[in-house]
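What follows is the content of query-v1.pdb (PDB, C-alpha atoms).
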```pdb
ATOM      1  CA  MET A 381      10.809 -29.181  21.565
ATOM      2  CA  ILE A 382      10.900 -27.897  17.979
ATOM      3  CA  VAL A 383      10.016 -24.371  19.057
ATOM      4  CA  LYS A 384      12.820 -24.438  21.630
ATOM      5  CA  MET A 385      15.305 -25.625  19.002
ATOM      6  CA  LEU A 386      14.229 -22.922  16.532
ATOM      7  CA  HIS A 387      14.484 -20.278  19.252
ATOM      8  CA  GLU A 388      17.968 -21.454  20.186
ATOM      9  CA  LYS A 389      18.984 -21.245  16.496
ATOM     10  CA  GLY A 390      17.997 -17.564  16.524
ATOM     11  CA  LEU A 391      14.536 -17.626  14.963
ATOM     12  CA  LYS A 392      12.228 -15.089  16.561
ATOM     13  CA  SER A 393       8.477 -14.679  16.368
ATOM     14  CA  GLU A 394       8.922 -11.555  14.231
ATOM     15  CA  HIS A 395      10.776 -13.611  11.628
ATOM     16  CA  ALA A 396       7.923 -16.112  11.419
ATOM     17  CA  TYR A 397       5.319 -13.338  11.141
ATOM     18  CA  CYS A 398       7.292 -11.690   8.322
ATOM     19  CA  ALA A 399       7.542 -15.044   6.552
ATOM     20  CA  GLY A 400       3.754 -15.398   6.853
ATOM     21  CA  PHE A 401       3.141 -12.032   5.213
ATOM     22  CA  LEU A 402       5.702 -12.815   2.520
ATOM     23  CA  ALA A 403       3.927 -16.121   1.864
ATOM     24  CA  ILE A 404       0.672 -14.235   1.282
ATOM     25  CA  GLY A 405       2.380 -11.952  -1.227
ATOM     26  CA  LEU A 406       4.129 -14.878  -2.880
ATOM     27  CA  SER A 407       0.826 -16.715  -3.150
ATOM     28  CA  VAL A 408      -0.818 -13.824  -4.977
ATOM     29  CA  ALA A 409       2.234 -13.268  -7.182
ATOM     30  CA  SER A 410       2.550 -16.961  -8.055
ATOM     31  CA  TRP A 411      -1.156 -17.247  -8.820
ATOM     32  CA  PHE A 412      -1.118 -14.148 -10.996
ATOM     33  CA  GLY A 413       2.134 -15.071 -12.728
ATOM     34  CA  SER A 414       1.088 -18.667 -13.242
ATOM     35  CA  MET A 415      -2.234 -17.568 -14.672
ATOM     36  CA  LYS A 416      -0.435 -15.529 -17.343
ATOM     37  CA  VAL A 417       2.382 -17.971 -18.129
ATOM     38  CA  GLU A 418       0.957 -21.415 -17.429
ATOM     39  CA  PRO A 419      -0.094 -23.225 -20.620
ATOM     40  CA  PHE A 420      -2.452 -25.539 -18.689
ATOM     41  CA  GLY A 421      -4.882 -22.789 -17.764
ATOM     42  CA  VAL A 422      -6.428 -21.275 -14.700
ATOM     43  CA  ALA A 423      -6.985 -24.542 -12.804
ATOM     44  CA  ARG A 424      -3.277 -25.176 -12.410
ATOM     45  CA  ALA A 425      -2.648 -21.534 -11.493
ATOM     46  CA  ASP A 426      -5.319 -21.824  -8.790
ATOM     47  CA  ARG A 427      -3.734 -24.971  -7.354
ATOM     48  CA  TRP A 428      -0.300 -23.338  -7.298
ATOM     49  CA  GLY A 429      -1.647 -20.230  -5.530
ATOM     50  CA  ILE A 430      -3.475 -22.345  -2.957
ATOM     51  CA  PHE A 431      -0.380 -24.492  -2.344
ATOM     52  CA  VAL A 432       1.792 -21.479  -1.596
ATOM     53  CA  GLY A 433      -1.067 -19.796   0.308
ATOM     54  CA  GLU A 434      -1.155 -22.613   2.835
ATOM     55  CA  TRP A 435       2.322 -21.663   4.030
ATOM     56  CA  ALA A 436       1.067 -18.442   5.635
ATOM     57  CA  PRO A 437      -1.015 -20.017   8.437
ATOM     58  CA  THR A 438       1.886 -22.332   9.221
ATOM     59  CA  PHE A 439       4.253 -19.393   9.649
ATOM     60  CA  PHE A 440       1.714 -17.432  11.712
ATOM     61  CA  GLY A 441       1.166 -20.448  13.976
ATOM     62  CA  LEU A 442       4.901 -20.850  14.369
ATOM     63  CA  GLY A 443       5.137 -17.146  15.199
ATOM     64  CA  LEU A 444       2.539 -17.543  17.938
ATOM     65  CA  ALA A 445       4.357 -20.553  19.364
ATOM     66  CA  LEU A 446       7.656 -18.660  19.368
ATOM     67  CA  ALA A 447       6.014 -15.609  20.954
ATOM     68  CA  ASN A 448       4.613 -17.780  23.745
ATOM     69  CA  TYR A 449       8.045 -19.324  24.222
ATOM     70  CA  GLU A 450       9.762 -15.919  24.266
ATOM     71  CA  HIS A 451       7.323 -14.378  26.777
ATOM     72  CA  PRO A 452       5.884 -17.228  28.863
ATOM     73  CA  LYS A 453       4.925 -15.142  31.905
ATOM     74  CA  VAL A 454       2.936 -12.393  30.212
ATOM     75  CA  ASP A 455      -0.394 -12.069  32.000
ATOM     76  CA  VAL A 456      -3.165 -11.175  29.583
ATOM     77  CA  ASP A 457      -5.807 -10.751  32.269
ATOM     78  CA  VAL A 458      -6.124  -7.030  32.753
ATOM     79  CA  GLU A 459      -8.555  -5.509  35.184
ATOM     80  CA  ALA A 460     -11.050  -3.011  33.805
ATOM     81  CA  GLU A 461      -9.681  -0.256  36.067
ATOM     82  CA  GLN A 462      -6.260  -0.546  34.398
ATOM     83  CA  LEU A 463      -7.644   0.161  30.933
ATOM     84  CA  ARG A 464      -7.523   3.766  29.810
ATOM     85  CA  PRO A 465      -9.159   5.198  26.667
ATOM     86  CA  VAL A 466      -6.816   6.252  23.893
ATOM     87  CA  THR A 467      -6.953  10.004  23.343
ATOM     88  CA  ASP A 468      -5.186  12.117  20.766
TER      89      ASP A 468
END
```
Rewrite the structure of this file - the entire thing - as structure tokens.
Amino acid sequence: MIVKMLHEKGLKSEHAYCAGFLAIGLSVASWFGSMKVEPFGVARADRWGIFVGEWAPTFFGLGLALANYEHPKVDVDVEAEQLRPVTD
């Protein structure tokens, strides 16, 4: 129900995946920045980085749910004869 509503509002799986990668970058940046600026030391910087870092799996999971909603009839079972080696 939530995935359907988000899809109807215009959110696509690519948006969620991009948000996941941005959350990873924001986590590293916030940890590094907090470690330099934070007067309470490394422990608080670690907690802040972990807090922001937990957003990424949420966005990736949402991206998977949206991708399944966008393409519900994609058959992932491929016969071995259909596979071809990649050549340059």
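Restricting the calculation to only C-alpha atoms, the smallest distance between Ala409 in chain A and any of A:Tyr397, A:Trp428, A:Phe439, A:Tyr449 is found for A:Trp428.
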Review point. Out of A:Arg427, A:Arg464, A:Lys389, A:His451, which residue has the shortest atom-to-atom distance to Ser407 in chain A when counting only C-alpha atoms?
Key: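 Selected residue with least distance to Ser407 in chain A: A:Arg427.
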Check your understanding: Nearest to Phe412 in chain A: which of A:Met381, A:Leu442, A:Ala425, A:Leu391 is it, counting only C-alpha atoms?
Key ->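 Of the candidates, the smallest distance to Phe412 in chain A is held by A:Ala425.
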Check your understanding: Near Gly390 in chain A, counting all atoms listed in the file, which residues have an atom at most 12 Å away, once you skip same-chain residues fewer than 6 positions from it, shown as a PyMOL selection string?
Key -> chain A and resi 383-384+396+446+450
Practice item. I need the residue set behind the PyMOL selection byres ((chain A and resi 398) around 12) for this file; please write it as a list in words. Key: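 With the PyMOL selection byres ((chain A and resi 398) around 12) on this model, the match is Leu391, Lys392, Ser393, Glu394, His395, Ala396, Tyr397, Ala399, Gly400, Phe401, Leu402, Ala403, Ile404, Gly405, Trp435, Ala436, Pro437, Thr438, Phe439, Phe440, Leu442 and Gly443 of chain A.
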Exercise for review: Record the distance separating CA of Trp411 in chain A and CA of Gly441 in chain A, expressed in Å with one decimal.
Suggested key: 23.1 Å
Please determine an axis-aligned box that encloses all atoms of range 424-436 of chain A listed in the file, with 8 Å added on each side, and express its centre and edge lengths in Å to one decimal as JSON.
```
{"center_x": -1.5, "center_y": -21.8, "center_z": -3.4, "size_x": 23.6, "size_y": 22.7, "size_z": 34.0}
```
For the point (-2.6, -23.0, -9.0) in file coordinates, what residues are within 12 Å, counting all atoms listed in the file? Give the answer as a tab-separated table (two decimals) with C-alpha atoms, in the coordinates of the input?
```tsv
chain	number	residue	atom	x	y	z
A	407	SER	CA	0.83	-16.72	-3.15
A	408	VAL	CA	-0.82	-13.82	-4.98
A	409	ALA	CA	2.23	-13.27	-7.18
A	410	SER	CA	2.55	-16.96	-8.06
A	411	TRP	CA	-1.16	-17.25	-8.82
A	412	PHE	CA	-1.12	-14.15	-11.00
A	413	GLY	CA	2.13	-15.07	-12.73
A	414	SER	CA	1.09	-18.67	-13.24
A	415	MET	CA	-2.23	-17.57	-14.67
A	416	LYS	CA	-0.44	-15.53	-17.34
A	417	VAL	CA	2.38	-17.97	-18.13
A	418	GLU	CA	0.96	-21.42	-17.43
A	419	PRO	CA	-0.09	-23.22	-20.62
A	420	PHE	CA	-2.45	-25.54	-18.69
A	421	GLY	CA	-4.88	-22.79	-17.76
A	422	VAL	CA	-6.43	-21.28	-14.70
A	423	ALA	CA	-6.98	-24.54	-12.80
A	424	ARG	CA	-3.28	-25.18	-12.41
A	425	ALA	CA	-2.65	-21.53	-11.49
A	426	ASP	CA	-5.32	-21.82	-8.79
A	427	ARG	CA	-3.73	-24.97	-7.35
A	428	TRP	CA	-0.30	-23.34	-7.30
A	429	GLY	CA	-1.65	-20.23	-5.53
A	430	ILE	CA	-3.48	-22.34	-2.96
A	431	PHE	CA	-0.38	-24.49	-2.34
A	432	VAL	CA	1.79	-21.48	-1.60
A	433	GLY	CA	-1.07	-19.80	0.31
A	434	GLU	CA	-1.16	-22.61	2.84
```
